file run-v2.txt (compact mmCIF, C-alpha atoms)
# COMPACT_ATOMS: atom_id res chain seq x y z
CA MET A 1 65.29 227.91 -45.94
CA THR A 2 68.89 226.81 -46.21
CA THR A 3 70.46 226.07 -49.56
CA ALA A 4 73.33 223.70 -50.24
CA PRO A 5 76.69 225.24 -49.40
CA LEU A 6 78.76 226.45 -52.32
CA LEU A 7 81.91 226.12 -50.31
CA THR A 8 82.58 224.42 -47.01
CA VAL A 9 85.77 225.18 -45.16
CA HIS A 10 87.03 222.43 -42.86
CA THR A 11 89.48 222.88 -39.99
CA LEU A 12 91.34 225.97 -41.12
CA ARG A 13 94.38 226.48 -38.93
CA LYS A 14 97.20 228.97 -39.04
CA ALA A 15 99.82 229.72 -36.41
CA TYR A 16 102.67 232.19 -36.06
CA GLY A 17 105.24 230.33 -34.00
CA GLU A 18 103.51 229.03 -30.89
CA ARG A 19 100.52 231.33 -31.30
CA LEU A 20 97.48 229.81 -32.99
CA LEU A 21 95.89 232.61 -35.00
CA PHE A 22 93.09 230.72 -36.71
CA ASP A 23 91.23 227.66 -35.60
CA VAL A 24 88.08 227.54 -37.71
CA GLU A 25 86.37 224.16 -37.44
CA ARG A 26 83.81 224.68 -40.18
CA LEU A 27 82.44 227.45 -42.33
CA ASP A 28 79.60 226.96 -44.81
CA ILE A 29 79.20 229.55 -47.55
CA GLU A 30 75.88 229.15 -49.31
CA ALA A 31 75.43 229.72 -53.01
CA GLY A 32 74.08 233.24 -53.42
CA GLY A 33 74.68 234.00 -49.75
CA ALA A 34 76.02 237.30 -48.45
CA TYR A 35 78.16 237.41 -45.33
CA VAL A 36 79.95 240.07 -43.40
CA LEU A 37 83.02 239.10 -41.45
CA THR A 38 83.34 241.32 -38.43
CA GLY A 39 85.75 241.48 -35.54
CA ALA A 40 88.03 243.92 -33.80
CA ASN A 41 91.01 245.37 -35.66
CA GLY A 42 93.86 242.90 -35.86
CA THR A 43 91.72 239.79 -35.38
CA GLY A 44 92.70 238.59 -38.86
CA LYS A 45 89.63 239.27 -41.00
CA SER A 46 91.75 240.24 -44.00
CA THR A 47 94.12 237.31 -43.46
CA LEU A 48 91.19 234.89 -43.38
CA LEU A 49 89.85 236.30 -46.66
CA ARG A 50 93.34 236.20 -48.18
CA MET A 51 93.69 232.54 -47.21
CA LEU A 52 90.31 231.75 -48.78
CA GLY A 53 91.41 233.69 -51.87
CA GLY A 54 94.67 231.77 -52.18
CA LEU A 55 96.91 234.73 -51.44
CA GLU A 56 98.16 233.53 -48.08
CA ARG A 57 99.19 230.15 -46.76
CA CYS A 58 97.30 228.29 -44.09
CA ASP A 59 98.91 225.55 -42.03
CA SER A 60 96.09 223.12 -42.65
CA CYS A 61 92.72 223.36 -44.30
CA THR A 62 90.54 221.54 -46.75
CA VAL A 63 87.55 222.95 -48.58
CA GLU A 64 84.65 221.30 -50.31
CA LEU A 65 83.47 222.77 -53.60
CA ASP A 66 80.66 221.02 -55.49
CA GLY A 67 81.21 217.96 -53.33
CA ARG A 68 84.90 217.81 -54.20
CA ARG A 69 87.33 217.97 -51.33
CA LEU A 70 90.32 220.18 -52.10
CA PRO A 71 93.30 221.52 -50.16
CA LEU A 72 93.40 225.27 -49.61
CA TYR A 73 97.16 225.25 -50.12
CA PRO A 74 98.53 224.95 -52.72
CA TYR A 75 95.52 226.78 -54.11
CA PRO A 76 93.73 224.58 -56.65
CA ALA A 77 92.90 225.82 -60.16
CA LEU A 78 89.25 224.92 -59.58
CA LEU A 79 89.07 227.40 -56.70
CA ARG A 80 91.02 230.00 -58.66
CA ARG A 81 88.27 230.00 -61.28
CA ALA A 82 85.48 230.10 -58.70
CA VAL A 83 86.81 232.67 -56.23
CA VAL A 84 87.99 236.26 -56.71
CA TYR A 85 89.50 238.39 -53.95
CA VAL A 86 89.37 242.22 -54.03
CA HIS A 87 91.79 244.26 -51.93
CA GLN A 88 90.71 246.94 -49.48
CA HIS A 89 92.62 249.45 -51.60
CA PRO A 90 92.41 247.91 -55.06
CA ILE A 91 95.46 248.26 -57.24
CA MET A 92 95.04 249.55 -60.77
CA PHE A 93 97.35 248.38 -63.51
CA SER A 94 98.97 251.20 -65.44
CA THR A 95 96.75 250.99 -68.47
CA SER A 96 93.26 252.33 -69.19
CA VAL A 97 90.25 251.65 -66.97
CA GLY A 98 88.78 249.51 -69.74
CA HIS A 99 91.90 247.33 -69.90
CA ASN A 100 91.95 247.05 -66.12
CA ILE A 101 88.43 245.68 -66.17
CA ALA A 102 89.24 243.30 -69.03
CA TYR A 103 92.39 242.01 -67.27
CA GLY A 104 90.94 238.78 -65.87
CA LEU A 105 89.13 237.90 -69.09
CA LEU A 106 92.26 238.41 -71.16
CA ALA A 107 94.26 236.42 -68.60
CA ARG A 108 91.81 233.57 -69.06
CA GLY A 109 92.34 233.55 -72.80
CA VAL A 110 89.29 235.51 -73.98
CA ASN A 111 90.27 237.60 -76.99
CA GLY A 112 89.91 241.36 -76.96
CA HIS A 113 87.07 241.39 -79.48
CA ASP A 114 84.90 239.02 -77.44
CA ALA A 115 85.80 240.80 -74.21
CA ARG A 116 84.71 244.27 -75.38
CA PRO A 117 80.91 243.94 -74.97
CA LEU A 118 81.37 242.21 -71.61
CA VAL A 119 83.64 245.02 -70.44
CA GLU A 120 81.12 247.62 -71.61
CA GLU A 121 78.37 245.87 -69.66
CA ALA A 122 80.56 245.63 -66.55
CA MET A 123 81.46 249.33 -66.76
CA ALA A 124 77.81 250.26 -67.13
CA TRP A 125 76.93 248.09 -64.11
CA ALA A 126 79.59 249.77 -61.95
CA GLY A 127 78.78 253.27 -63.30
CA VAL A 128 82.31 253.82 -64.57
CA ALA A 129 81.67 253.85 -68.33
CA HIS A 130 82.60 257.54 -68.50
CA LEU A 131 86.04 256.65 -67.10
CA ARG A 132 86.76 254.15 -69.89
CA HIS A 133 89.88 255.91 -71.17
CA SER A 134 90.96 257.51 -67.91
CA ASP A 135 94.31 256.94 -66.27
CA PRO A 136 93.34 254.62 -63.38
CA VAL A 137 96.09 256.03 -61.18
CA ARG A 138 94.14 259.29 -61.00
CA LEU A 139 90.79 257.75 -59.99
CA SER A 140 89.29 258.49 -56.59
CA GLY A 141 89.08 255.74 -53.95
CA GLY A 142 85.40 255.10 -54.70
CA GLU A 143 85.99 254.94 -58.45
CA LYS A 144 88.86 252.51 -57.96
CA GLN A 145 86.68 250.31 -55.77
CA ARG A 146 83.91 250.27 -58.40
CA VAL A 147 86.39 249.49 -61.18
CA ALA A 148 87.78 246.66 -59.03
CA LEU A 149 84.27 245.29 -58.42
CA ALA A 150 83.53 245.42 -62.16
CA ARG A 151 86.86 243.69 -62.87
CA ALA A 152 86.04 240.92 -60.41
CA ARG A 153 82.38 240.53 -61.42
CA LEU A 154 83.28 240.20 -65.07
CA LEU A 155 84.84 236.81 -64.32
CA LYS A 156 81.48 235.57 -63.00
CA PRO A 157 83.05 234.23 -59.82
CA ARG A 158 80.89 232.03 -57.65
CA LEU A 159 82.41 233.58 -54.55
CA LEU A 160 83.62 237.15 -54.15
CA LEU A 161 85.84 238.03 -51.22
CA LEU A 162 85.76 241.77 -50.53
CA ASP A 163 88.17 243.21 -48.03
CA GLU A 164 86.65 246.33 -46.44
CA PRO A 165 85.00 247.51 -49.68
CA THR A 166 83.85 250.81 -48.17
CA ALA A 167 86.86 251.57 -45.97
CA ASN A 168 88.05 255.16 -46.28
CA LEU A 169 85.07 256.07 -48.49
CA ASP A 170 82.44 258.52 -47.49
CA GLY A 171 79.34 260.18 -48.87
CA GLN A 172 78.30 259.31 -52.38
CA ALA A 173 81.33 257.12 -53.12
CA ARG A 174 80.46 254.85 -50.20
CA GLU A 175 76.77 254.70 -51.14
CA GLN A 176 77.62 253.82 -54.75
CA VAL A 177 79.76 250.89 -53.61
CA ILE A 178 77.15 249.69 -51.10
CA ALA A 179 74.48 249.79 -53.82
CA LEU A 180 76.48 247.36 -55.97
CA ILE A 181 76.70 244.60 -53.35
CA PRO A 182 73.03 243.44 -53.38
CA THR A 183 73.10 243.30 -57.19
CA LEU A 184 76.03 240.88 -57.01
CA VAL A 185 74.03 238.63 -54.69
CA GLU A 186 70.93 238.91 -56.91
CA GLN A 187 73.06 237.65 -59.79
CA GLY A 188 73.77 234.50 -57.80
CA ARG A 189 77.24 235.35 -56.50
CA SER A 190 78.18 234.48 -52.94
CA VAL A 191 79.85 237.42 -51.23
CA VAL A 192 81.96 237.49 -48.10
CA MET A 193 83.00 240.97 -46.92
CA ALA A 194 85.36 241.87 -44.14
CA CYS A 195 83.96 245.11 -42.78
CA HIS A 196 82.95 247.42 -39.95
CA ASP A 197 80.45 249.38 -42.02
CA ARG A 198 77.04 249.33 -40.31
CA ASP A 199 75.22 249.94 -43.59
CA LEU A 200 76.86 246.89 -45.16
CA ILE A 201 76.20 244.80 -42.06
CA GLY A 202 72.58 245.97 -42.15
CA LEU A 203 71.95 245.06 -45.80
CA PRO A 204 68.92 242.74 -46.12
CA GLY A 205 69.79 239.04 -46.09
CA VAL A 206 73.37 239.58 -45.01
CA ARG A 207 74.57 237.12 -42.38
CA ARG A 208 77.17 238.01 -39.85
CA LEU A 209 80.27 236.02 -39.01
CA LYS A 210 82.29 237.27 -36.09
CA LEU A 211 85.96 236.48 -35.78
CA ARG A 212 87.13 236.35 -32.18
CA ASP A 213 90.37 234.78 -30.95
CA GLY A 214 90.82 232.99 -34.23
CA ARG A 215 87.40 231.32 -34.11
CA LEU A 216 84.26 232.11 -36.08
CA GLU A 217 80.94 232.80 -34.41
CA SER A 218 77.79 232.87 -36.59
CA ARG A 219 75.11 235.38 -35.74
CA MET B 220 150.37 268.99 -77.89
CA GLY B 221 148.54 271.22 -75.45
CA LEU B 222 145.14 270.38 -74.08
CA LEU B 223 143.34 272.95 -76.22
CA ASP B 224 145.08 271.72 -79.34
CA ALA B 225 144.17 268.15 -78.48
CA ILE B 226 140.52 269.08 -78.02
CA ARG B 227 140.48 271.01 -81.28
CA HIS B 228 142.10 268.07 -83.06
CA ALA B 229 139.58 265.69 -81.42
CA PHE B 230 136.60 267.64 -82.78
CA ALA B 231 138.25 267.79 -86.18
CA LEU B 232 138.62 263.98 -86.11
CA LEU B 233 134.97 263.55 -85.11
CA PHE B 234 133.61 265.75 -87.87
CA SER B 235 136.03 264.60 -90.56
CA GLY B 236 134.32 261.19 -90.67
CA ASP B 237 137.56 259.40 -89.73
CA ALA B 238 136.77 255.80 -90.71
CA ALA B 239 139.08 254.18 -88.15
CA LEU B 240 137.57 256.20 -85.31
CA TRP B 241 133.98 255.46 -86.25
CA HIS B 242 134.79 251.77 -86.73
CA ILE B 243 136.02 251.68 -83.13
CA VAL B 244 132.72 253.25 -82.05
CA TRP B 245 130.81 250.67 -84.10
CA VAL B 246 132.71 247.73 -82.55
CA SER B 247 132.02 249.12 -79.07
CA LEU B 248 128.31 249.61 -79.73
CA LYS B 249 127.91 246.25 -81.44
CA THR B 250 129.65 244.18 -78.74
CA SER B 251 127.94 246.08 -75.90
CA ILE B 252 124.45 245.81 -77.39
CA LEU B 253 124.89 242.13 -78.24
CA GLY B 254 126.29 241.38 -74.78
CA LEU B 255 123.33 243.15 -73.23
CA LEU B 256 120.84 241.37 -75.51
CA PHE B 257 122.16 238.02 -74.32
CA ALA B 258 122.34 239.09 -70.66
CA THR B 259 118.94 240.76 -70.35
CA PRO B 260 116.49 237.83 -70.59
CA PRO B 261 118.22 235.55 -68.02
CA ALA B 262 119.07 238.46 -65.71
CA VAL B 263 115.53 239.88 -65.68
CA LEU B 264 114.06 236.41 -65.21
CA LEU B 265 116.45 235.61 -62.34
CA GLY B 266 115.90 239.02 -60.75
CA TYR B 267 112.15 238.53 -60.91
CA LEU B 268 112.31 234.99 -59.52
CA ILE B 269 114.57 235.97 -56.61
CA ALA B 270 112.41 239.00 -55.81
CA MET B 271 109.10 237.16 -55.93
CA HIS B 272 109.85 233.81 -54.33
CA ARG B 273 110.85 232.69 -50.90
CA PHE B 274 113.24 229.73 -50.98
CA PRO B 275 116.12 228.40 -48.89
CA GLY B 276 119.28 230.31 -49.71
CA ARG B 277 117.42 233.35 -51.07
CA ARG B 278 119.41 235.76 -48.94
CA ILE B 279 122.62 234.20 -50.20
CA ALA B 280 121.39 234.63 -53.77
CA VAL B 281 120.64 238.34 -53.11
CA TRP B 282 124.03 238.78 -51.47
CA LEU B 283 125.85 237.13 -54.39
CA ALA B 284 123.88 239.18 -56.94
CA GLN B 285 124.79 242.40 -55.20
CA ALA B 286 128.38 241.37 -54.55
CA ALA B 287 128.80 240.55 -58.25
CA LEU B 288 128.20 244.23 -59.00
CA SER B 289 131.62 245.06 -57.64
CA LEU B 290 133.51 242.30 -59.46
CA PRO B 291 136.50 243.94 -61.17
CA THR B 292 136.09 243.60 -64.92
CA VAL B 293 139.75 242.79 -65.23
CA LEU B 294 139.17 239.71 -63.08
CA ILE B 295 136.32 238.62 -65.36
CA GLY B 296 138.72 239.24 -68.24
CA LEU B 297 141.37 237.06 -66.61
CA LEU B 298 138.91 234.20 -66.01
CA LEU B 299 137.61 234.42 -69.55
CA TYR B 300 141.16 234.53 -70.89
CA LEU B 301 141.93 231.29 -69.07
CA LEU B 302 138.69 229.69 -70.30
CA LEU B 303 139.04 230.83 -73.90
CA SER B 304 142.79 230.39 -74.35
CA ARG B 305 143.83 227.56 -76.61
CA ARG B 306 144.43 225.17 -73.71
CA GLY B 307 141.37 226.31 -71.77
CA PRO B 308 138.09 224.36 -71.57
CA MET B 309 136.46 226.70 -74.12
CA GLY B 310 139.53 227.05 -76.32
CA GLY B 311 137.88 225.11 -79.15
CA LEU B 312 135.54 228.05 -79.75
CA GLU B 313 138.49 230.22 -80.80
CA TRP B 314 136.86 233.26 -79.27
CA LEU B 315 139.97 234.72 -77.66
CA PHE B 316 140.94 238.03 -79.29
CA SER B 317 137.67 238.08 -81.23
CA GLN B 318 134.42 240.03 -81.04
CA PRO B 319 132.40 237.00 -79.79
CA GLY B 320 134.87 236.84 -76.87
CA ILE B 321 134.22 240.50 -76.04
CA VAL B 322 130.45 239.91 -76.35
CA LEU B 323 130.71 237.03 -73.87
CA GLY B 324 132.65 239.26 -71.49
CA GLN B 325 130.15 242.12 -71.81
CA CYS B 326 127.34 239.65 -71.19
CA ILE B 327 128.98 238.41 -67.97
CA ILE B 328 129.73 241.98 -66.82
CA GLY B 329 126.21 243.23 -67.59
CA LEU B 330 124.35 240.31 -66.06
CA PRO B 331 124.80 241.17 -62.35
CA VAL B 332 123.90 244.83 -62.95
CA LEU B 333 120.70 243.88 -64.74
CA LEU B 334 119.89 241.20 -62.17
CA ALA B 335 120.47 243.37 -59.09
CA PHE B 336 118.56 246.37 -60.51
CA THR B 337 115.64 244.21 -61.68
CA LEU B 338 115.53 242.50 -58.30
CA ALA B 339 115.42 245.88 -56.55
CA ALA B 340 112.73 247.22 -58.93
CA VAL B 341 110.47 244.18 -58.50
CA GLN B 342 111.01 244.07 -54.75
CA ALA B 343 110.04 247.73 -54.46
CA LEU B 344 106.79 247.17 -56.38
CA ASP B 345 103.53 246.98 -54.43
CA PRO B 346 102.81 243.24 -53.89
CA ARG B 347 99.15 243.89 -54.70
CA TYR B 348 100.02 243.97 -58.43
CA ALA B 349 101.04 240.31 -58.39
CA GLU B 350 98.20 239.39 -56.02
CA THR B 351 95.59 241.13 -58.19
CA ALA B 352 96.90 239.36 -61.29
CA LEU B 353 96.85 236.02 -59.47
CA ALA B 354 93.40 236.62 -57.97
CA HIS B 355 92.03 237.29 -61.46
CA GLY B 356 93.27 234.00 -62.81
CA ALA B 357 96.55 235.01 -64.45
CA SER B 358 99.03 232.21 -65.14
CA ARG B 359 102.48 232.39 -63.55
CA ALA B 360 103.92 233.71 -66.82
CA ARG B 361 101.21 236.36 -67.09
CA VAL B 362 101.76 237.42 -63.47
CA MET B 363 105.46 237.83 -64.32
CA PHE B 364 104.78 239.94 -67.41
CA THR B 365 102.26 242.05 -65.48
CA VAL B 366 104.74 242.67 -62.65
CA LEU B 367 107.60 243.44 -65.05
CA HIS B 368 105.32 245.81 -66.97
CA GLU B 369 104.49 247.65 -63.76
CA ALA B 370 108.19 247.71 -62.81
CA ARG B 371 109.22 248.66 -66.36
CA TYR B 372 110.92 251.93 -65.47
CA GLY B 373 113.12 250.12 -62.97
CA VAL B 374 113.86 247.41 -65.53
CA MET B 375 114.68 250.09 -68.16
CA ALA B 376 117.00 251.73 -65.66
CA ALA B 377 118.61 248.31 -65.15
CA VAL B 378 119.21 247.92 -68.89
CA ILE B 379 120.63 251.42 -69.23
CA SER B 380 122.88 250.97 -66.19
CA GLY B 381 124.01 247.63 -67.60
CA PHE B 382 124.79 249.29 -70.93
CA GLY B 383 126.73 252.02 -69.15
CA ARG B 384 128.79 249.43 -67.33
CA VAL B 385 129.62 247.29 -70.38
CA ILE B 386 130.41 250.08 -72.81
CA SER B 387 132.68 251.85 -70.35
CA GLU B 388 134.63 248.87 -69.07
CA VAL B 389 138.19 248.41 -70.27
CA GLY B 390 139.76 245.50 -68.39
CA CYS B 391 137.85 242.61 -69.92
CA ALA B 392 137.69 244.04 -73.45
CA LEU B 393 141.45 244.53 -73.37
CA MET B 394 142.28 241.05 -72.08
CA VAL B 395 139.74 239.07 -74.08
CA GLY B 396 139.66 241.27 -77.18
CA GLY B 397 143.34 242.05 -77.36
CA ASN B 398 142.78 245.58 -78.74
CA ILE B 399 143.38 244.49 -82.36
CA GLU B 400 143.01 247.41 -84.74
CA GLY B 401 140.01 247.12 -87.02
CA GLN B 402 138.72 244.03 -85.20
CA THR B 403 138.52 244.15 -81.43
CA ARG B 404 139.55 247.71 -80.64
CA THR B 405 136.78 249.35 -78.59
CA ILE B 406 136.35 252.92 -77.41
CA THR B 407 137.87 252.25 -74.00
CA THR B 408 140.77 250.10 -75.15
CA ALA B 409 141.56 252.66 -77.87
CA ILE B 410 141.55 255.50 -75.32
CA ALA B 411 143.94 253.51 -73.11
CA LEU B 412 146.25 252.78 -76.04
CA GLU B 413 146.24 256.28 -77.55
CA THR B 414 146.88 257.88 -74.15
CA SER B 415 149.83 255.54 -73.53
CA LYS B 416 151.26 256.64 -76.92
CA GLY B 417 150.76 260.31 -76.07
CA GLU B 418 148.12 260.67 -78.84
CA PHE B 419 145.47 262.48 -76.90
CA ALA B 420 143.28 263.74 -79.75
CA GLN B 421 141.74 260.38 -80.71
CA GLY B 422 141.35 259.52 -76.99
CA ILE B 423 139.48 262.76 -76.37
CA ALA B 424 137.34 262.27 -79.49
CA LEU B 425 136.37 258.77 -78.35
CA GLY B 426 135.76 260.08 -74.84
CA ILE B 427 133.34 262.66 -76.27
CA VAL B 428 131.51 259.85 -78.10
CA LEU B 429 131.34 257.78 -74.89
CA VAL B 430 129.96 260.68 -72.86
CA SER B 431 127.46 261.48 -75.65
CA ILE B 432 126.22 257.88 -75.65
CA ALA B 433 125.82 257.99 -71.86
CA LEU B 434 123.89 261.27 -72.07
CA LEU B 435 121.66 259.97 -74.87
CA MET B 436 120.86 256.72 -73.05
CA ASN B 437 120.00 258.44 -69.80
CA GLY B 438 118.07 261.14 -71.62
CA ALA B 439 116.00 258.43 -73.28
CA LEU B 440 115.26 256.90 -69.86
CA VAL B 441 114.16 260.25 -68.44
CA LEU B 442 111.87 260.77 -71.46
CA LEU B 443 110.39 257.28 -71.18
CA GLN B 444 109.76 257.61 -67.48
CA GLY B 445 107.85 260.78 -68.16
CA GLU B 446 106.95 263.59 -65.83
CA ALA B 447 103.43 262.30 -65.12
CA HIS B 448 104.49 259.14 -63.33
CA ASN B 449 107.39 260.66 -61.48
CA PRO B 450 106.34 264.11 -60.37
CA GLY B 451 108.70 264.30 -57.39
CA ALA B 452 108.33 266.90 -54.69
CA ARG B 453 106.87 270.24 -55.71
CA LEU B 454 107.68 272.77 -53.06
call {"tool": "encode", "arguments": {"input": "run-v2.txt", "output": "structure tokens"}}
result
Amino acid sequence: MTTAPLLTVHTLRKAYGERLLFDVERLDIEAGGAYVLTGANGTGKSTLLRMLGGLERCDSCTVELDGRRLPLYPYPALLRRAVVYVHQHPIMFSTSVGHNIAYGLLARGVNGHDARPLVEEAMAWAGVAHLRHSDPVRLSGGEKQRVALARARLLKPRLLLLDEPTANLDGQAREQVIALIPTLVEQGRSVVMACHDRDLIGLPGVRRLKLRDGRLESR
Amino acid sequence: MGLLDAIRHAFALLFSGDAALWHIVWVSLKTSILGLLFATPPAVLLGYLIAMHRFPGRRIAVWLAQAALSLPTVLIGLLLYLLLSRRGPMGGLEWLFSQPGIVLGQCIIGLPVLLAFTLAAVQALDPRYAETALAHGASRARVMFTVLHEARYGVMAAVISGFGRVISEVGCALMVGGNIEGQTRTITTAIALETSKGEFAQGIALGIVLVSIALLMNGALVLLQGEAHNPGARL
């Protein structure tokens, strides 16, 4: 059964000089759908996610969100509220873990008092409650990734863009991050992940998008 | 007077609570701090904007900001003298040979230092800070405050370097302030005057104050930066 797309990307193009890097005719992202974006190194998986997250310019592209046609650049406020991008190596602001997780809520005008229970719930979800007062600079890669996922999830984005969420993680840290992804989808979030990780690609219900020569192939 | 005698006399002046000497120190501190207070907000804002945005002429702006670092203060003094003199376009303010005139000069001298150092600090910061703030819905102003908070040690270094430059300059303070005793005489202009008169003791005493201020300011920066965030190499 196919559900209505949350976001439809139309004719996304980006070139560097004469070289056309992206020529994506159409991409439908369903509400509550999970996708992995695969492709060889250097094919532009991260750049594509960054463009969808409003962190990089595209030469031309329109998107459709809730039936409204919007440009991808300049990035509209409506998309900014609906989409959150998480870096491959998430950056932590130099404050406590709790404040890092609350960052987006506070940036959106939620006061600290109202944010506190939401932050507690997000920390419990990501299994980082014990790190509440830790210096985020000293967290391990896996802990940083889980804090970043909690920080993003707290904003209740309709679409999460995760750039290689398990890259450079191994063992338990990797498993803990992988375990969080299906719960995001169960909560109704759409998730697009750039990755090579076979365990992420093999998660139930995850659809595969392959980027090759700047074009997307659905599998 | 021999050097040792001059030094001994200088310390005696410092600890005797010589009112004239400490008034000179007060004028220096007041004009430098005020000049820096006026220069810091626009300089930090401009430094941030130049560092974070791509626009036509950006490289020229960076070049001018860095070139302004080496502007001789005496030239700034000359320009201000012409602007503030009775027949100059700003003559109506009557700021020539007054403390507001010195403050304006210190502000102009400090601005490029603050701007260039802030620009360098923000440019050196990992771009993911701004991207993460933006991706989590921060407004432009909030992104700026987040980035400046993360680059705060660089910005603090900018302020302290700016302070060092304005409190130690002599050319502009002399030309715009006029070195009037009890009014516009600063540490540096007093040292220049006392040395020219052969009165080394007060010059040395003021020099000790100037060096102490520099040590205190830089010590404060080292303390604020802290060991934890700047461990350096441990071999």
call {"tool": "atom_distance", "arguments": {"input": "run-v2.txt", "atom1": "atom CA of Asp23 of chain A", "atom2": "atom CA of Pro76 of chain A"}}
result
21.4 Å
call {"tool": "atom_distance", "arguments": {"input": "run-v2.txt", "atom1": "atom CA of Leu303 of chain B", "atom2": "atom CA of Leu315 of chain B"}}
result
5.5 Å
call {"tool": "residues_around", "arguments": {"input": "run-v2.txt", "residues": "Arg138 of chain A", "least_positions_apart": "6", "cutoff": "12 Å", "atoms": "all atoms listed in the file", "output": "ChimeraX atom specification"}}
result
/A:91-97,131,144 /B:447-448
call {"tool": "residues_around", "arguments": {"input": "run-v2.txt", "residues": "segment 420-435 of chain B", "least_positions_apart": "2", "cutoff": "6 Å", "atoms": "only C-alpha atoms", "output": "count of residues only"}}
result
9
call {"tool": "interface_residues", "arguments": {"input": "run-v2.txt", "of": "chain A", "to": "chain B", "cutoff": "12 Å", "atoms": "only C-alpha atoms", "output": "number ranges by chain"}}
result
A: 49-56, 75-95, 100-110, 135, 137-138, 148-157, 159-162
call {"tool": "atom_distance", "arguments": {"input": "run-v2.txt", "atom1": "atom CA of Gly39 of chain A", "atom2": "atom CA of Leu211 of chain A"}}
result
5.0 Å
call {"tool": "closest_residue", "arguments": {"input": "run-v2.txt", "among": "B:Ala343, B:Ile386, B:Ala439, B:Leu330", "to": "Leu256 of chain B", "atoms": "all atoms listed in the file"}}
result
B:Leu330
call {"tool": "closest_residue", "arguments": {"input": "run-v2.txt", "among": "B:Gly390, B:Gly397, B:Pro275, B:Gly383", "to": "Ile252 of chain B", "atoms": "all atoms listed in the file"}}
result
B:Gly383
